[in-house]
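This report refers to the structure that appears directly beneath it.
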Amino acid sequence: PSWNIESSVFHSDLFSLAMRDEMQRGAIVLCGGQSRRMGRDKATLPFGSELMLQRVVRIVSEVIDPAAIVVVAARDQILPELPATMIISRDEHPDRGPLEGLAAGLRSMPESVEAVYVTSCDVPLLKPDFMREMFNRLCDSDIAVPYDGQFHHPLAAVYRPQVLPTLQSLLAADRLKAALLFDDVDTTKVPVESLRTIDPTLSSLLNCNQPEDYEAALVAAGLARPKRTGLPTHPT
């Protein structure tokens with residue numbers, strides 16, 4: 001039989017897109033860091049009418065069913081009000097960095113989930129289309145992570161749950177750098193510049209680590225600056 005190569009490729013691409021659309025997606029939001037540079041818990045920083053964690057969770061929920069979102073907090077951390085169906089997990093071993101939180105989140109993820117977007121609670125300018133694009137970039141890999149040639153962005157990446165055993169082995173050996181996980185499993189490194197078509201300013205990669213970052217994010221979001229310079233007081 002004769003084959004129409006262009007047609008075959010086209011239908012193959014459509015099938016791949018359909019498979020990606022059918023992928024069961026989840027998300028992990030890490031919020032258990034010590035926030036030393038910020039000087040207070042970033043999860044409860046005011047951001048417009050919301051708190052920072054609430055805003056990030058709302059944005060993530062535009063892409064992911066809240067029942068497949070895991071918020072990973074410190075053991076005694078008090079969280080703001082979140083959707084009732086959302087899963088709350090706690091770091092088993094505090095102060096061991098994002099890999100510990102990632103492991104806690106993956107252990108709590110519903111079994112049906114096939115791929116997980118991981119973010120932190122201090123990315124208030126995260127764009128839903130950025131998340132969607134990172135899922136698309138995963139293809140057959142175990143991880144898709146933005147990479148700028150020197151630095152990986154592990155908290156703007158997509159992970160398959162099957163990386164958990166490798167992740168747990170690294171944690172058990174006290175090997176806490178995310179790059180070690182990327183070396184050990186099939187990882188697609190996504191050039192950050194290629195993501196500008198989705199997020200021109202790459203705001204989805206901008207963390208609020210210091211009061212100045214927080215104030216800049218408020219301005220970028222079109223929200224009022226704090227009444228005084230520096231970190232505002234938590235509203236009562």
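Order determines the names: the first chain of the structure tokens is A, the second B, and so forth; residues in each chain are numbered 1 upward, and ligands are numbered 1 upward as they are shown.
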Compile the contact shell of Leu164 (chain A) as an MDAnalysis selection string: residues with an atom at most 9 Å away, counting only C-alpha atoms, same-chain residues fewer than 4 positions apart removed.
chainID A and resid 102:103 106:107 160 168:169
Restricting the output to all heavy atoms, write the selected residues as a PDB file, in the first residue's frame.
```pdb
ATOM      1  N   LEU A 102       9.572  17.377  47.767  1.00  0.00           N
ATOM      2  CA  LEU A 102       9.121  16.666  46.568  1.00  0.00           C
ATOM      3  C   LEU A 102       8.761  15.229  46.900  1.00  0.00           C
ATOM      4  O   LEU A 102       7.721  14.715  46.457  1.00  0.00           O
ATOM      5  CB  LEU A 102      10.211  16.724  45.504  1.00  0.00           C
ATOM      6  CG  LEU A 102       9.995  15.901  44.239  1.00  0.00           C
ATOM      7  CD1 LEU A 102       8.722  16.298  43.527  1.00  0.00           C
ATOM      8  CD2 LEU A 102      11.208  16.038  43.306  1.00  0.00           C
ATOM      9  N   ALA A 103       9.603  14.568  47.694  1.00  0.00           N
ATOM     10  CA  ALA A 103       9.321  13.181  48.075  1.00  0.00           C
ATOM     11  C   ALA A 103       8.033  13.092  48.880  1.00  0.00           C
ATOM     12  O   ALA A 103       7.201  12.203  48.649  1.00  0.00           O
ATOM     13  CB  ALA A 103      10.491  12.608  48.870  1.00  0.00           C
ATOM     14  N   LEU A 106       5.094  13.513  46.451  1.00  0.00           N
ATOM     15  CA  LEU A 106       4.865  12.349  45.585  1.00  0.00           C
ATOM     16  C   LEU A 106       4.262  11.189  46.365  1.00  0.00           C
ATOM     17  O   LEU A 106       3.424  10.445  45.840  1.00  0.00           O
ATOM     18  CB  LEU A 106       6.169  11.928  44.914  1.00  0.00           C
ATOM     19  CG  LEU A 106       6.714  12.877  43.840  1.00  0.00           C
ATOM     20  CD1 LEU A 106       8.058  12.367  43.324  1.00  0.00           C
ATOM     21  CD2 LEU A 106       5.726  13.022  42.692  1.00  0.00           C
ATOM     22  N   ARG A 107       4.673  11.024  47.624  1.00  0.00           N
ATOM     23  CA  ARG A 107       4.103   9.936  48.435  1.00  0.00           C
ATOM     24  C   ARG A 107       2.611  10.161  48.690  1.00  0.00           C
ATOM     25  O   ARG A 107       1.861   9.196  48.864  1.00  0.00           O
ATOM     26  CB  ARG A 107       4.854   9.815  49.759  1.00  0.00           C
ATOM     27  CG  ARG A 107       6.208   9.134  49.652  1.00  0.00           C
ATOM     28  CD  ARG A 107       6.768   8.779  51.027  1.00  0.00           C
ATOM     29  NE  ARG A 107       7.133   9.969  51.784  1.00  0.00           N
ATOM     30  CZ  ARG A 107       8.354  10.509  51.799  1.00  0.00           C
ATOM     31  NH1 ARG A 107       9.324   9.950  51.107  1.00  0.00           N
ATOM     32  NH2 ARG A 107       8.606  11.581  52.524  1.00  0.00           N
ATOM     33  N   ARG A 160       7.501  12.602  36.795  1.00  0.00           N
ATOM     34  CA  ARG A 160       6.653  11.404  36.861  1.00  0.00           C
ATOM     35  C   ARG A 160       6.802  10.782  38.250  1.00  0.00           C
ATOM     36  O   ARG A 160       7.911  10.737  38.805  1.00  0.00           O
ATOM     37  CB  ARG A 160       7.034  10.406  35.781  1.00  0.00           C
ATOM     38  CG  ARG A 160       6.729  10.913  34.370  1.00  0.00           C
ATOM     39  CD  ARG A 160       6.775   9.812  33.338  1.00  0.00           C
ATOM     40  NE  ARG A 160       6.565  10.333  32.004  1.00  0.00           N
ATOM     41  CZ  ARG A 160       5.378  10.560  31.446  1.00  0.00           C
ATOM     42  NH1 ARG A 160       4.273  10.304  32.143  1.00  0.00           N
ATOM     43  NH2 ARG A 160       5.282  11.034  30.221  1.00  0.00           N
ATOM     44  N   GLN A 168      14.153   8.822  46.825  1.00  0.00           N
ATOM     45  CA  GLN A 168      14.312   8.343  48.204  1.00  0.00           C
ATOM     46  C   GLN A 168      15.712   7.805  48.445  1.00  0.00           C
ATOM     47  O   GLN A 168      16.268   7.977  49.542  1.00  0.00           O
ATOM     48  CB  GLN A 168      13.257   7.279  48.495  1.00  0.00           C
ATOM     49  CG  GLN A 168      11.850   7.854  48.586  1.00  0.00           C
ATOM     50  CD  GLN A 168      10.783   6.794  48.764  1.00  0.00           C
ATOM     51  OE1 GLN A 168      10.835   5.719  48.146  1.00  0.00           O
ATOM     52  NE2 GLN A 168       9.800   7.065  49.603  1.00  0.00           N
ATOM     53  N   SER A 169      16.299   7.169  47.435  1.00  0.00           N
ATOM     54  CA  SER A 169      17.681   6.681  47.578  1.00  0.00           C
ATOM     55  C   SER A 169      18.648   7.842  47.747  1.00  0.00           C
ATOM     56  O   SER A 169      19.584   7.778  48.560  1.00  0.00           O
ATOM     57  CB  SER A 169      18.070   5.849  46.349  1.00  0.00           C
ATOM     58  OG  SER A 169      17.284   4.671  46.263  1.00  0.00           O
TER      59      SER A 169
END
```
Would you pick out the contacts of Leu99 (chain A) at 10 Å or less, using only C-alpha atoms, so that residues sharing its chain but fewer than 5 positions from it are not included, and give the list as a ChimeraX atom specification?
/A:104-105,154-155,167-168,170-171,175-178,181
All heavy atoms of the current selection, written as a CSV table (one decimal), in the first residue's frame:
```csv
chain,number,residue,atom,x,y,z
A,104,ALA,N,7.8,14.0,49.8
A,104,ALA,CA,6.6,14.0,50.6
A,104,ALA,C,5.4,14.2,49.7
A,104,ALA,O,4.4,13.6,49.9
A,104,ALA,CB,6.7,15.1,51.7
A,105,GLY,N,5.5,15.1,48.8
A,105,GLY,CA,4.4,15.4,47.9
A,105,GLY,C,4.1,14.2,47.0
A,105,GLY,O,2.9,13.8,46.8
A,154,PRO,N,14.3,23.4,39.5
A,154,PRO,CA,13.5,22.2,39.9
A,154,PRO,C,12.1,22.5,40.4
A,154,PRO,O,11.3,21.5,40.5
A,154,PRO,CB,14.4,21.6,41.0
A,154,PRO,CG,15.2,22.8,41.5
A,154,PRO,CD,15.5,23.6,40.3
A,155,LEU,N,11.9,23.7,40.8
A,155,LEU,CA,10.5,24.1,41.3
A,155,LEU,C,9.7,24.8,40.3
A,155,LEU,O,8.9,25.6,40.6
A,155,LEU,CB,10.7,24.9,42.6
A,155,LEU,CG,11.4,24.2,43.8
A,155,LEU,CD1,11.3,25.1,45.0
A,155,LEU,CD2,10.8,22.8,44.0
A,167,LEU,N,14.6,9.1,44.1
A,167,LEU,CA,14.6,10.3,44.9
A,167,LEU,C,14.8,9.9,46.4
A,167,LEU,O,15.6,10.5,47.1
A,167,LEU,CB,13.3,11.0,44.8
A,167,LEU,CG,13.0,12.3,45.7
A,167,LEU,CD1,14.1,13.3,45.5
A,167,LEU,CD2,11.7,12.9,45.3
A,168,GLN,N,14.2,8.8,46.8
A,168,GLN,CA,14.3,8.3,48.2
A,168,GLN,C,15.7,7.8,48.4
A,168,GLN,O,16.3,8.0,49.5
A,168,GLN,CB,13.3,7.3,48.5
A,168,GLN,CG,11.9,7.9,48.6
A,168,GLN,CD,10.8,6.8,48.8
A,168,GLN,OE1,10.8,5.7,48.1
A,168,GLN,NE2,9.8,7.1,49.6
A,170,LEU,N,18.4,8.9,47.0
A,170,LEU,CA,19.3,10.1,47.1
A,170,LEU,C,19.2,10.7,48.5
A,170,LEU,O,20.2,11.0,49.2
A,170,LEU,CB,18.9,11.1,46.1
A,170,LEU,CG,19.3,10.8,44.6
A,170,LEU,CD1,18.7,11.8,43.7
A,170,LEU,CD2,20.8,10.8,44.5
A,171,LEU,N,17.9,10.8,49.0
A,171,LEU,CA,17.7,11.4,50.3
A,171,LEU,C,18.4,10.5,51.4
A,171,LEU,O,19.0,11.0,52.4
A,171,LEU,CB,16.2,11.5,50.6
A,171,LEU,CG,15.5,12.6,49.8
A,171,LEU,CD1,14.0,12.5,49.9
A,171,LEU,CD2,16.0,14.0,50.2
A,175,ARG,N,22.2,13.0,49.7
A,175,ARG,CA,22.5,13.6,48.5
A,175,ARG,C,21.3,14.5,48.1
A,175,ARG,O,20.4,14.0,47.5
A,175,ARG,CB,22.9,12.6,47.4
A,175,ARG,CG,24.0,11.7,47.8
A,175,ARG,CD,24.2,10.6,46.7
A,175,ARG,NE,24.8,11.2,45.5
A,175,ARG,CZ,24.6,10.6,44.3
A,175,ARG,NH1,23.9,9.5,44.2
A,175,ARG,NH2,25.2,11.1,43.2
A,176,LEU,N,21.4,15.8,48.5
A,176,LEU,CA,20.2,16.6,48.5
A,176,LEU,C,20.1,17.6,47.3
A,176,LEU,O,19.1,18.4,47.3
A,176,LEU,CB,20.2,17.4,49.8
A,176,LEU,CG,20.2,16.6,51.1
A,176,LEU,CD1,20.2,17.5,52.3
A,176,LEU,CD2,19.2,15.5,51.1
A,177,LYS,N,21.0,17.5,46.4
A,177,LYS,CA,21.0,18.5,45.2
A,177,LYS,C,20.1,17.9,44.1
A,177,LYS,O,20.2,16.7,43.8
A,177,LYS,CB,22.4,18.7,44.7
A,177,LYS,CG,23.3,19.5,45.6
A,177,LYS,CD,24.6,19.8,45.0
A,177,LYS,CE,25.5,20.6,45.9
A,177,LYS,NZ,26.8,20.9,45.3
A,178,ALA,N,19.2,18.7,43.6
A,178,ALA,CA,18.2,18.3,42.6
A,178,ALA,C,18.9,17.8,41.4
A,178,ALA,O,18.5,16.9,40.7
A,178,ALA,CB,17.3,19.4,42.3
A,181,LEU,N,19.4,14.1,41.0
A,181,LEU,CA,18.2,13.4,40.5
A,181,LEU,C,18.1,13.5,39.0
A,181,LEU,O,17.8,12.5,38.3
A,181,LEU,CB,16.9,14.0,41.1
A,181,LEU,CG,15.6,13.4,40.6
A,181,LEU,CD1,15.5,11.9,41.0
A,181,LEU,CD2,14.4,14.1,41.3
```
Give me, as a PyMOL selection string, the residues of region 76-183 of chain A that a backbone DSSP run labels strand (DSSP E).
chain A and resi 87-90+115-120+143-147+156-159
Give me the residues within 10 Å of Ser112 (chain A) as a PDB file with C-alpha atoms, in the first residue's frame, counting only C-alpha atoms and dropping any in the same chain fewer than 3 places off.
```pdb
ATOM      1  CA  MET A  23      -2.525  12.467  30.918  1.00  0.00           C
ATOM      2  CA  GLN A  24      -3.641  12.489  34.532  1.00  0.00           C
ATOM      3  CA  ARG A  25      -1.941  15.545  35.965  1.00  0.00           C
ATOM      4  CA  GLY A  26      -1.169  16.568  39.504  1.00  0.00           C
ATOM      5  CA  ALA A  68      -4.746  16.187  42.740  1.00  0.00           C
ATOM      6  CA  MET A 109      -0.185  12.030  45.334  1.00  0.00           C
ATOM      7  CA  ALA A 115       2.815  13.567  35.866  1.00  0.00           C
ATOM      8  CA  PRO A 161       5.794   9.701  40.171  1.00  0.00           C
TER       9      PRO A 161
END
```
At a cut-off of 10 Å, using only C-alpha atoms, what residues contact Leu82 (chain A)? Leave out same-chain residues fewer than 5 positions from it and give the result as a VMD selection string.
chain A and resid 53 to 54 57 to 58 66 71 87 to 88
Set the distance at 12 Å and use only C-alpha atoms: which residues neighbour region 127-132 of chain A once local chain neighbours fewer than 5 positions away are removed? I'd like the list as number ranges by chain.
A: 17, 20-21, 23, 25-28, 55-64, 115-119, 137-138, 144-146, 155-158, 190, 192, 194-206, 221
